[in-house]
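Dumped structure-v4.txt below, it's compact mmCIF, C-alpha atoms:
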```txt
# COMPACT_ATOMS: atom_id res chain seq x y z
CA MET A 282 -23.44 44.93 24.52
CA ASP A 283 -23.37 44.44 28.33
CA SER A 284 -24.51 47.63 30.14
CA GLN A 285 -21.67 47.24 32.67
CA VAL A 286 -19.17 47.44 29.84
CA VAL A 287 -20.86 50.57 28.49
CA ASN A 288 -20.77 52.20 31.97
CA HIS A 289 -17.03 51.67 32.15
CA LEU A 290 -16.67 53.54 28.86
CA GLN A 291 -18.70 56.60 30.00
CA CYS A 292 -17.20 59.82 31.36
CA PRO A 293 -18.35 60.40 34.99
CA THR A 294 -19.17 64.03 34.25
CA CYS A 295 -20.96 64.03 30.87
CA LEU A 296 -22.11 60.38 31.09
CA GLU A 297 -21.19 59.83 27.43
CA ILE A 298 -18.56 57.69 25.77
CA PHE A 299 -15.12 59.14 26.48
CA LYS A 300 -13.80 61.65 23.94
CA ASP A 301 -10.04 62.19 24.12
CA PRO A 302 -9.87 60.73 27.66
CA VAL A 303 -7.21 61.93 30.11
CA VAL A 304 -6.09 60.35 33.36
CA LEU A 305 -5.57 62.37 36.57
CA PRO A 306 -2.98 61.55 39.30
CA CYS A 307 -5.75 59.86 41.29
CA SER A 308 -6.25 57.43 38.33
CA HIS A 309 -9.72 58.71 37.45
CA SER A 310 -10.37 59.36 33.77
CA PHE A 311 -12.50 62.06 32.12
CA CYS A 312 -13.00 63.65 28.75
CA ARG A 313 -10.34 66.31 28.28
CA ALA A 314 -12.99 68.96 27.60
CA CYS A 315 -15.04 67.87 30.64
CA VAL A 316 -12.18 68.14 33.13
CA HIS A 317 -11.15 71.58 31.85
CA GLN A 318 -14.75 72.79 32.05
CA TRP A 319 -14.93 71.53 35.68
CA TRP A 320 -11.74 73.32 36.61
CA GLU A 321 -13.01 76.61 35.06
CA GLU A 322 -16.30 76.41 36.90
CA LYS A 323 -14.74 75.50 40.29
CA GLU A 324 -11.64 77.65 39.75
CA ASP A 325 -9.72 74.76 41.27
CA ARG A 326 -7.77 71.89 39.63
CA THR A 327 -9.23 69.00 41.57
CA CYS A 328 -10.68 65.61 40.52
CA PRO A 329 -14.45 65.88 40.00
CA VAL A 330 -14.84 62.53 41.77
CA CYS A 331 -12.41 62.39 44.70
CA ARG A 332 -11.34 66.06 44.88
CA THR A 333 -7.66 65.14 44.65
CA ARG A 334 -5.65 68.17 43.54
CA CYS A 335 -3.92 68.03 40.12
CA ARG A 336 -0.88 70.23 39.69
CA SER A 337 -0.62 69.90 35.87
CA MET A 338 -2.74 72.08 33.59
CA ASP A 339 -2.58 69.42 30.82
CA PRO A 340 -3.11 65.91 32.22
CA PRO A 341 -1.81 63.01 30.04
CA SER A 342 -4.04 61.11 27.64
CA ASN A 343 -5.39 57.68 28.60
CA LEU A 344 -4.33 55.90 25.41
CA ALA A 345 -5.63 52.48 26.36
CA LEU A 346 -9.06 53.85 27.20
CA ARG A 347 -9.10 55.95 24.04
CA ASN A 348 -8.41 52.86 21.88
CA VAL A 349 -11.19 50.92 23.57
CA CYS A 350 -13.65 53.76 23.11
CA GLU A 351 -12.75 54.17 19.44
CA ALA A 352 -13.21 50.44 18.86
CA PHE A 353 -16.57 50.57 20.64
CA SER A 354 -17.65 53.57 18.57
CA GLN A 355 -16.73 51.79 15.33
CA ALA A 356 -18.51 48.60 16.41
CA SER A 357 -21.64 50.53 17.35
CA VAL A 358 -21.95 51.80 13.77
CA PHE A 359 -22.74 48.23 12.54
CA PRO A 360 -25.95 46.35 13.45
CA LYS A 361 -25.51 43.95 16.40
CA ASP A 362 -26.79 40.94 14.32
CA LYS A 363 -23.74 41.12 12.06
CA LEU A 364 -21.54 40.61 15.07
CA GLN A 365 -23.67 37.67 16.10
CA ASP A 366 -23.40 36.18 12.58
CA GLY A 367 -19.66 36.60 12.68
CA LEU A 368 -19.54 34.97 16.10
CA LYS A 369 -21.64 32.08 14.83
CA LYS A 370 -19.32 31.57 11.86
CA ALA A 371 -16.31 31.70 14.16
CA LYS A 372 -17.87 29.01 16.37
CA GLU A 373 -18.63 26.89 13.31
CA ARG A 374 -15.06 27.31 12.14
CA LEU A 375 -13.83 26.24 15.56
CA LYS A 376 -16.10 23.19 15.35
CA ASP A 377 -14.65 22.36 11.94
CA ASP A 378 -11.13 22.68 13.33
CA ILE A 379 -12.02 20.41 16.24
CA GLU A 380 -13.50 17.80 13.88
CA ALA A 381 -10.46 18.01 11.58
CA THR A 382 -8.15 17.63 14.56
CA ASP A 383 -10.11 14.58 15.71
CA ILE A 384 -9.84 13.04 12.24
CA CYS A 385 -6.11 13.76 12.13
CA ASN A 386 -5.65 12.14 15.54
CA LYS A 387 -7.54 9.04 14.40
CA GLN A 388 -5.50 8.91 11.20
CA ALA A 389 -2.27 9.26 13.18
CA THR A 390 -3.35 6.32 15.35
CA TYR A 391 -4.43 4.27 12.34
CA ILE A 392 -1.12 4.91 10.58
CA LYS A 393 0.57 2.97 13.39
CA VAL A 394 -1.95 0.14 12.95
CA GLN A 395 -1.28 0.12 9.21
CA ARG A 396 2.46 0.09 9.79
CA GLN A 397 2.12 -2.98 12.03
CA GLN A 398 -0.12 -4.75 9.51
CA VAL A 399 2.21 -3.98 6.61
CA GLU A 400 5.27 -5.04 8.60
CA ASN A 401 3.63 -8.35 9.51
CA LYS A 402 2.72 -9.00 5.88
CA ILE A 403 6.23 -8.13 4.66
CA LYS A 404 7.81 -10.35 7.30
CA LYS A 405 5.45 -13.20 6.45
CA ASP A 406 6.17 -12.98 2.71
CA PHE A 407 9.92 -12.76 3.22
CA GLU A 408 9.78 -15.68 5.66
CA GLU A 409 8.08 -17.74 2.94
CA LEU A 410 10.79 -16.68 0.50
CA ARG A 411 13.49 -17.55 3.01
CA ARG A 412 11.95 -20.99 3.62
CA PHE A 413 11.83 -21.59 -0.12
CA LEU A 414 15.42 -20.48 -0.59
CA LEU A 415 16.63 -22.56 2.36
CA ALA A 416 14.82 -25.61 1.02
CA GLU A 417 16.21 -24.97 -2.45
CA GLU A 418 19.71 -24.50 -1.03
CA GLU A 419 19.50 -27.72 0.97
CA ALA A 420 18.22 -29.65 -2.06
CA ARG A 421 21.08 -28.42 -4.21
CA LEU A 422 23.69 -29.04 -1.52
CA SER A 423 22.23 -32.51 -1.05
CA ALA A 424 22.52 -33.14 -4.78
CA VAL A 425 26.20 -32.12 -4.66
CA ARG A 426 26.85 -34.42 -1.70
CA GLU A 427 25.07 -37.33 -3.38
CA GLU A 428 27.11 -36.91 -6.56
CA GLU A 429 30.28 -36.60 -4.48
CA GLU A 430 29.48 -39.84 -2.62
CA GLU A 431 28.57 -41.68 -5.82
CA LYS A 432 31.66 -40.63 -7.71
CA SER A 433 33.94 -41.09 -4.71
CA TRP A 434 32.65 -44.67 -4.40
CA MET A 435 33.23 -45.26 -8.12
CA MET A 436 36.73 -43.86 -7.78
CA LYS A 437 37.40 -46.08 -4.79
CA GLU A 438 36.24 -49.14 -6.75
CA LYS A 439 38.44 -48.15 -9.66
CA ILE A 440 41.51 -47.66 -7.44
CA GLU A 441 40.94 -51.04 -5.76
CA ALA A 442 40.64 -52.71 -9.17
CA LEU A 443 43.85 -51.04 -10.33
CA SER A 444 45.57 -52.15 -7.13
CA ARG A 445 44.60 -55.76 -7.85
CA ASP A 446 45.84 -55.41 -11.42
CA MET A 447 49.15 -53.93 -10.23
CA ALA A 448 49.62 -56.80 -7.77
CA ALA A 449 48.98 -59.38 -10.50
CA VAL A 450 51.33 -57.68 -12.98
CA SER A 451 54.02 -57.27 -10.31
CA ASP A 452 53.76 -60.99 -9.47
CA VAL A 453 54.18 -61.91 -13.17
CA ILE A 454 57.18 -59.60 -13.48
CA ARG A 455 58.81 -61.02 -10.37
CA SER A 456 58.19 -64.65 -11.39
CA THR A 457 59.41 -64.05 -14.91
CA GLU A 458 62.59 -62.36 -13.68
CA GLN A 459 63.24 -65.31 -11.41
CA GLN A 460 62.83 -67.67 -14.33
CA LEU A 461 65.30 -65.67 -16.37
CA THR A 462 67.95 -66.05 -13.66
CA SER A 463 67.29 -69.73 -12.93
CA ASP A 464 69.33 -72.67 -14.30
CA PRO A 465 68.81 -73.56 -17.96
CA VAL A 466 66.99 -76.83 -17.25
CA SER A 467 64.44 -75.19 -14.91
CA PHE A 468 64.03 -72.23 -17.29
CA MET A 469 63.26 -74.53 -20.23
CA GLN A 470 60.77 -76.49 -18.14
CA ASN A 471 58.80 -73.37 -17.02
CA ILE A 472 59.16 -71.06 -20.03
CA LYS A 473 55.84 -72.08 -21.51
CA ASN A 474 53.98 -71.26 -18.29
CA ALA A 475 55.81 -67.93 -17.99
CA ILE A 476 54.83 -66.99 -21.55
CA ASN A 477 51.18 -67.92 -20.89
CA ARG A 478 51.08 -65.78 -17.73
CA ILE A 479 52.56 -62.80 -19.59
CA GLN A 480 50.04 -63.16 -22.39
CA LYS A 481 47.15 -63.27 -19.92
CA LEU A 482 47.98 -59.93 -18.30
CA PRO A 483 44.93 -57.55 -17.78
CA ASP A 484 44.17 -55.07 -20.53
CA LYS A 485 45.48 -51.54 -20.21
CA PRO A 486 43.17 -49.65 -17.80
CA GLU A 487 40.79 -47.13 -19.34
CA ARG A 488 40.46 -43.66 -17.87
CA LEU A 489 37.14 -42.94 -16.22
CA ARG A 490 35.00 -40.44 -18.08
CA GLY A 491 32.89 -37.98 -16.13
CA ALA A 492 34.66 -38.86 -12.94
CA LEU A 493 34.62 -35.30 -11.59
CA LEU A 494 31.66 -33.39 -10.17
CA ASP A 495 29.38 -31.75 -12.74
CA GLU A 496 29.90 -28.16 -11.59
CA VAL A 497 27.95 -26.82 -14.57
CA LYS A 498 24.84 -28.68 -13.43
CA HIS A 499 25.15 -27.46 -9.86
CA VAL A 500 26.18 -23.82 -10.19
CA GLY A 501 25.58 -22.87 -13.83
CA ASN A 502 22.93 -20.09 -13.95
CA LEU A 503 22.14 -21.01 -10.37
CA LYS A 504 20.29 -17.81 -9.46
CA PHE A 505 18.27 -17.91 -12.68
CA SER A 506 17.24 -21.53 -12.21
CA VAL A 507 16.21 -20.80 -8.61
CA TRP A 508 14.23 -17.80 -9.82
CA GLU A 509 12.58 -19.99 -12.44
CA ARG A 510 11.60 -22.50 -9.76
CA MET A 511 10.34 -19.70 -7.55
CA LYS A 512 7.56 -18.86 -9.99
CA GLU A 513 5.78 -22.02 -8.82
CA THR A 514 5.33 -20.45 -5.37
CA ILE A 515 4.61 -16.86 -6.49
CA SER A 516 1.40 -15.41 -7.89
CA TYR A 517 0.82 -12.06 -9.56
CA SER A 518 -2.43 -10.14 -9.27
CA PRO A 519 -3.21 -7.70 -12.10
CA ILE A 520 -5.33 -5.66 -9.68
CA ILE A 521 -4.59 -4.72 -6.07
CA LEU A 522 -7.42 -3.43 -3.89
CA ASP A 523 -6.74 -0.15 -2.09
CA PRO A 524 -7.73 -0.46 1.60
CA ASN A 525 -7.67 3.33 1.98
CA THR A 526 -10.78 3.49 -0.25
CA ALA A 527 -12.72 0.61 1.34
CA GLY A 528 -16.11 1.39 2.85
CA PRO A 529 -16.66 0.83 6.60
CA LYS A 530 -18.15 -2.70 6.33
CA LEU A 531 -15.75 -4.12 3.75
CA SER A 532 -13.07 -6.61 4.75
CA LEU A 533 -10.04 -7.11 2.49
CA SER A 534 -7.80 -10.16 2.40
CA GLU A 535 -4.25 -9.86 3.69
CA ASP A 536 -2.83 -9.82 0.15
CA LEU A 537 -5.45 -7.23 -0.96
CA THR A 538 -6.90 -9.45 -3.71
CA SER A 539 -10.38 -10.25 -2.34
CA VAL A 540 -13.17 -8.31 -0.65
CA SER A 541 -16.28 -9.27 1.33
CA CYS A 542 -18.85 -7.51 3.50
CA GLN A 543 -18.38 -8.17 7.21
CA GLU A 544 -18.75 -6.14 10.39
CA VAL A 545 -17.95 -2.44 10.56
CA GLN A 546 -14.18 -1.90 10.45
CA GLN A 547 -12.40 0.77 12.50
CA ARG A 548 -10.98 2.98 9.77
CA PRO A 549 -10.37 6.75 9.68
CA ASN A 550 -12.59 9.00 7.59
CA ASN A 551 -9.92 9.98 5.06
CA PRO A 552 -11.04 11.79 1.86
CA GLU A 553 -10.30 8.78 -0.40
CA ARG A 554 -12.69 6.47 1.46
CA PHE A 555 -16.18 5.45 0.28
CA LYS A 556 -19.10 5.91 2.65
CA TRP A 557 -20.72 2.65 1.51
CA GLU A 558 -19.69 -0.93 0.65
CA ARG A 559 -17.39 0.00 -2.22
CA VAL A 560 -13.67 -0.19 -2.87
CA LEU A 561 -11.31 0.78 -5.68
CA GLY A 562 -8.37 -1.07 -7.12
CA SER A 563 -5.02 0.46 -7.97
CA ALA A 564 -5.17 3.18 -10.63
CA LEU A 565 -5.28 1.84 -14.19
CA ALA A 566 -2.52 2.61 -16.67
CA SER A 567 -3.06 3.75 -20.23
CA GLY A 568 -3.51 1.00 -22.80
CA THR A 569 -5.12 -2.40 -22.30
CA ASN A 570 -6.11 -3.55 -18.81
CA ILE A 571 -7.63 -7.00 -18.19
CA TRP A 572 -8.59 -8.71 -14.95
CA ASP A 573 -10.77 -11.66 -13.92
CA VAL A 574 -12.94 -11.73 -10.79
CA GLU A 575 -14.45 -14.83 -9.21
CA VAL A 576 -17.95 -13.94 -7.96
CA GLY A 577 -18.95 -17.52 -7.16
CA ASP A 578 -22.15 -17.63 -5.11
CA ASN A 579 -22.01 -13.99 -4.00
CA ASN A 580 -25.57 -12.66 -4.32
CA ASP A 581 -25.02 -8.90 -4.12
CA TRP A 582 -22.17 -7.40 -6.13
CA ALA A 583 -21.10 -4.92 -8.75
CA MET A 584 -17.85 -4.55 -10.67
CA GLY A 585 -16.44 -2.50 -13.46
CA VAL A 586 -14.57 0.78 -13.88
CA ALA A 587 -14.84 4.08 -12.02
CA TRP A 588 -13.28 7.41 -12.82
CA GLY A 589 -13.00 10.76 -11.15
CA ASP A 590 -11.06 12.61 -8.46
CA PRO A 591 -9.41 10.06 -6.10
CA CYS A 592 -10.27 12.33 -3.15
CA LEU A 593 -13.97 12.41 -4.10
CA PRO A 594 -14.80 8.71 -4.49
CA ASN A 595 -18.51 9.12 -3.72
CA ASP A 596 -18.83 11.49 -6.70
CA MET A 597 -17.14 9.14 -9.18
CA GLU A 598 -18.87 7.90 -12.30
CA THR A 599 -19.02 4.13 -12.71
CA TRP A 600 -19.55 1.76 -15.64
CA SER A 601 -20.31 -1.66 -14.24
CA ILE A 602 -22.52 -4.73 -14.27
CA VAL A 603 -24.55 -5.42 -11.12
CA PHE A 604 -26.21 -8.48 -9.55
CA HIS A 605 -28.86 -7.94 -6.87
CA ASN A 606 -31.99 -9.91 -5.83
CA ASP A 607 -31.30 -12.50 -8.55
CA THR A 608 -31.46 -9.88 -11.30
CA TYR A 609 -28.76 -8.24 -13.38
CA LYS A 610 -28.24 -4.83 -14.89
CA LYS A 611 -25.52 -3.32 -17.00
CA PHE A 612 -24.27 0.23 -16.98
CA GLY A 613 -27.05 2.70 -16.18
CA GLU A 614 -30.02 0.53 -17.19
CA PRO A 615 -32.75 -0.55 -14.72
CA PHE A 616 -32.67 -4.01 -13.16
CA GLY A 617 -34.22 -6.77 -15.23
CA MET A 618 -33.73 -5.18 -18.65
CA TRP A 619 -30.60 -7.24 -19.29
CA LYS A 620 -30.26 -10.99 -18.86
CA PRO A 621 -26.83 -12.51 -19.49
CA PRO A 622 -26.74 -15.68 -21.63
CA VAL A 623 -25.04 -17.72 -18.86
CA LYS A 624 -24.88 -17.74 -15.08
CA LEU A 625 -22.02 -15.46 -14.10
CA LYS A 626 -19.33 -17.07 -11.95
CA ARG A 627 -16.09 -15.57 -13.17
CA ILE A 628 -16.15 -12.23 -14.96
CA ARG A 629 -13.44 -10.73 -17.13
CA VAL A 630 -13.21 -6.96 -17.38
CA HIS A 631 -11.42 -5.59 -20.43
CA MET A 632 -10.66 -1.88 -20.64
CA ASP A 633 -8.82 -0.32 -23.56
CA THR A 634 -7.96 3.38 -23.22
CA ASN A 635 -6.80 3.52 -26.84
CA GLU A 636 -10.12 2.31 -28.25
CA ARG A 637 -12.01 3.87 -25.30
CA THR A 638 -14.01 0.72 -24.65
CA ILE A 639 -15.04 -1.29 -21.60
CA SER A 640 -16.25 -4.85 -22.14
CA PHE A 641 -17.28 -7.79 -19.97
CA SER A 642 -17.24 -11.54 -20.57
CA GLU A 643 -17.77 -14.78 -18.62
CA SER A 644 -14.22 -16.12 -18.66
CA ARG A 645 -14.99 -19.73 -17.69
CA THR A 646 -17.28 -20.21 -20.66
CA ASN A 647 -15.58 -17.57 -22.83
CA THR A 648 -18.95 -15.90 -23.36
CA GLU A 649 -19.16 -12.25 -24.42
CA LEU A 650 -21.53 -10.30 -22.20
CA CYS A 651 -21.61 -6.60 -23.04
CA LYS A 652 -19.50 -3.72 -24.26
CA THR A 653 -19.72 0.06 -23.96
CA ASN A 654 -18.01 3.04 -25.50
CA PRO A 655 -18.64 5.99 -23.12
CA TYR A 656 -18.99 9.20 -25.08
CA HIS A 657 -17.51 11.30 -22.26
CA TRP A 658 -14.29 9.36 -21.83
CA PRO A 659 -12.18 11.11 -19.16
CA HIS A 660 -8.92 12.91 -19.78
CA LEU A 661 -6.56 11.33 -17.25
CA SER A 662 -4.55 13.57 -14.91
CA ASP A 663 -3.50 13.74 -11.27
CA ASN A 664 -7.07 14.74 -10.37
CA MET A 665 -8.79 12.44 -12.85
CA LYS A 666 -7.93 8.73 -12.81
CA MET A 667 -9.58 5.44 -13.76
CA PHE A 668 -9.86 2.57 -11.28
CA PRO A 669 -11.21 -0.97 -11.05
CA TYR A 670 -14.45 -0.69 -9.11
CA PHE A 671 -16.06 -3.21 -6.73
CA TYR A 672 -19.17 -3.32 -4.56
CA THR A 673 -20.51 -6.14 -2.40
CA ASP A 674 -22.98 -6.56 0.43
CA ASP A 675 -22.34 -10.29 0.84
CA LYS A 676 -20.01 -12.28 3.09
CA ILE A 677 -18.89 -14.43 0.16
CA PRO A 678 -15.77 -12.70 -1.20
CA LEU A 679 -15.13 -11.35 -4.65
CA GLN A 680 -11.72 -12.79 -5.58
CA ILE A 681 -9.32 -11.33 -8.15
CA ILE A 682 -7.79 -14.20 -10.15
CA PRO A 683 -3.97 -14.20 -10.17
CA LEU A 684 -2.00 -14.50 -13.39
CA ALA A 685 0.50 -17.27 -14.12
CA CYS A 686 4.14 -16.20 -13.79
CA ARG A 687 6.61 -16.94 -16.58
CA VAL A 688 10.39 -16.63 -16.67
CA THR A 689 11.78 -16.04 -20.17
CA THR A 690 15.14 -15.30 -21.75
CA GLN A 691 15.90 -13.17 -24.75
CA SER A 692 18.76 -13.42 -27.22
CA PRO A 693 21.00 -10.36 -27.44
```
Would it be possible to restate this file's structure as structure tokens?
Amino acid sequence: MDSQVVNHLQCPTCLEIFKDPVVLPCSHSFCRACVHQWWEEKEDRTCPVCRTRCRSMDPPSNLALRNVCEAFSQASVFPKDKLQDGLKKAKERLKDDIEATDICNKQATYIKVQRQQVENKIKKDFEELRRFLLAEEEARLSAVREEEEEKSWMMKEKIEALSRDMAAVSDVIRSTEQQLTSDPVSFMQNIKNAINRIQKLPDKPERLRGALLDEVKHVGNLKFSVWERMKETISYSPIILDPNTAGPKLSLSEDLTSVSCQEVQQRPNNPERFKWERVLGSALASGTNIWDVEVGDNNDWAMGVAWGDPCLPNDMETWSIVFHNDTYKKFGEPFGMWKPPVKLKRIRVHMDTNERTISFSESRTNTELCKTNPYHWPHLSDNMKMFPYFYTDDKIPLQIIPLACRVTTQSP
């Protein structure tokens, strides 16, 4: 400890650490026993330092000084290196807190970036849906207008034809009535013509069938039929890549269905993130899980299943097939021991938690590749999950193949 500090804790008379220190009116402090001894020897109650007279026989205790001296006495019992060790640990703890604060600040900043990215993607997708719905609405309104024009024209033609028929019939009626009121000679001369005209009247008009708009076609199950049409513009991915697990150099597509190795990305060092060029998909559910991945001409990749604590991705166990330097390997075997029967372009991963199996096949050629039954199959919980696993150190992306959407109905 600093010698100046020790000097401040020493009694001016005995030059030792204060014992039951008292404070005199002049503000000087002494051991209680020391000041009484001084007064007895000098037969005068004065300060041993400044000679200021003290009227009280029992000066008050200096509590603050006593507490400091007691703390110093207790600290002096322990070796000084323990204090240094404690100080070192405290500094290390402070360093840890500073690093954690820095990470939290970066994460807080990145959260805003993520929010903007997610908002842009949501707006883009909904804008596509709105364009589809507007186009669908306009097409259906156009169909209604076309049918209205067609059937209105038909109705107009029918009304005009009926008007001509009515004029002809009215003319026959008027002529015939005139004949009936004419003189007998004229009537007899024209009766044959009048009868012929009456017999040649137009047939009774038929009522038009289907003259009205087909409302059933236009509005019947309208929302369902639009939904059914919508499936042509919508894809479904069985696996979604989790950007919060992606290593620093990995770049994910906007819809989170493909991954490639690019330049280092500015991402926070959250506990779920890999240190290397790896990324996980969304956690797998119990039962059967199947997904296809297009590897194409990517020359450095791995894919399969990983399991472990989501917050300790670098410690996860993986079961995968790997392609590197034009050689393959499966599971934990060395490179070159396994050669697939076909060139791998599109790989299907099939995981069954009921049978506890993981198998791979080449989906384009429907060729079985390999299958494993891990003996230490994990027991799934909040701290133990299974994930699709991907690795690549190539700019050519690994692409998850979307599934076809189907709209079905079911009888009650």
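Between atom CA of A:Lys387 and atom CA of A:Asn525 there is a distance of 13.7 Å.
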Show me as a VMD selection string the residues that reach within 12 Å of (37.7, -40.6, -14.6), counting all atoms listed in the file and using the file's own coordinates.
chain A and resid 432 to 433 435 to 440 486 to 494
For a test of reading the model, state the distance in Å between atom CA of A:Lys611 and atom CA of A:Val576, rounded to one decimal.
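Going from atom CA of A:Lys611 over to atom CA of A:Val576, I get 15.9 Å.
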What's the 9 Å shell around stretch 321-335 of chain A, counting all atoms listed in the file, without same-chain residues fewer than 4 positions away, as a PyMOL selection string?
chain A and resi 293-294+305-307+309+311+316-317+340
Have a look at atom CA of A:Cys686 and atom CA of A:Ile520 and let me know their distance in Å, one decimal.
14.8 Å
I want to know what sits within 6 Å of A:Tyr670, based on only C-alpha atoms, with residues of the same chain fewer than 2 positions away left out; could you give that as an mmCIF file with C-alpha atoms, in the frame of the given file?
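Result file is out_27.cif:
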```
data_model
loop_
_atom_site.group_PDB
_atom_site.id
_atom_site.type_symbol
_atom_site.label_atom_id
_atom_site.label_comp_id
_atom_site.auth_asym_id
_atom_site.auth_seq_id
_atom_site.Cartn_x
_atom_site.Cartn_y
_atom_site.Cartn_z
ATOM 1 C CA LEU A 561 -11.310 0.780 -5.680
ATOM 2 C CA MET A 584 -17.850 -4.550 -10.670
ATOM 3 C CA GLY A 585 -16.440 -2.500 -13.460
ATOM 4 C CA VAL A 586 -14.570 0.780 -13.880
ATOM 5 C CA ALA A 587 -14.840 4.080 -12.020
#
```
Proximity to A:Arg510 - best of A:Ala442, A:Thr638, A:Leu410, A:Gln543, all atoms listed in the file:
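Residue with the minimum atom-to-atom distance to A:Arg510: A:Leu410.
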Taking 6 positions as the minimum chain separation for residues in the same chain, which residues sit within 10 Å of stretch 418-427 of chain A when counting all atoms listed in the file? Answer as a PyMOL selection string.
chain A and resi 412+433+494-496+498-500+503+507
Given the choices A:Asn647, A:Asn550, A:Gln318, A:Asn654, which gets closest to A:Thr382 if the distance is worked out from all atoms listed in the file?
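Checking each candidate against A:Thr382, we get A:Asn550 as the closest.
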What would the list of residues within 12 Å of (-18.2, 59.8, 32.9) (file frame) look like as a PDB file with C-alpha atoms, keeping the file's coordinate frame, if all atoms listed in the file are what count?
```
ATOM      1  CA  VAL A 287     -20.860  50.570  28.490  1.00  0.00           C
ATOM      2  CA  ASN A 288     -20.770  52.200  31.970  1.00  0.00           C
ATOM      3  CA  HIS A 289     -17.030  51.670  32.150  1.00  0.00           C
ATOM      4  CA  LEU A 290     -16.670  53.540  28.860  1.00  0.00           C
ATOM      5  CA  GLN A 291     -18.700  56.600  30.000  1.00  0.00           C
ATOM      6  CA  CYS A 292     -17.200  59.820  31.360  1.00  0.00           C
ATOM      7  CA  PRO A 293     -18.350  60.400  34.990  1.00  0.00           C
ATOM      8  CA  THR A 294     -19.170  64.030  34.250  1.00  0.00           C
ATOM      9  CA  CYS A 295     -20.960  64.030  30.870  1.00  0.00           C
ATOM     10  CA  LEU A 296     -22.110  60.380  31.090  1.00  0.00           C
ATOM     11  CA  GLU A 297     -21.190  59.830  27.430  1.00  0.00           C
ATOM     12  CA  ILE A 298     -18.560  57.690  25.770  1.00  0.00           C
ATOM     13  CA  PHE A 299     -15.120  59.140  26.480  1.00  0.00           C
ATOM     14  CA  LYS A 300     -13.800  61.650  23.940  1.00  0.00           C
ATOM     15  CA  PRO A 302      -9.870  60.730  27.660  1.00  0.00           C
ATOM     16  CA  VAL A 303      -7.210  61.930  30.110  1.00  0.00           C
ATOM     17  CA  HIS A 309      -9.720  58.710  37.450  1.00  0.00           C
ATOM     18  CA  SER A 310     -10.370  59.360  33.770  1.00  0.00           C
ATOM     19  CA  PHE A 311     -12.500  62.060  32.120  1.00  0.00           C
ATOM     20  CA  CYS A 312     -13.000  63.650  28.750  1.00  0.00           C
ATOM     21  CA  ARG A 313     -10.340  66.310  28.280  1.00  0.00           C
ATOM     22  CA  ALA A 314     -12.990  68.960  27.600  1.00  0.00           C
ATOM     23  CA  CYS A 315     -15.040  67.870  30.640  1.00  0.00           C
ATOM     24  CA  VAL A 316     -12.180  68.140  33.130  1.00  0.00           C
ATOM     25  CA  PRO A 329     -14.450  65.880  40.000  1.00  0.00           C
ATOM     26  CA  VAL A 330     -14.840  62.530  41.770  1.00  0.00           C
TER      27      VAL A 330
END
```
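The nearest approach to A:Ala527 among the residues A:Asn635, A:Ser640, A:Ser337, A:Gln547, with all atoms listed in the file taken into account, belongs to A:Gln547.
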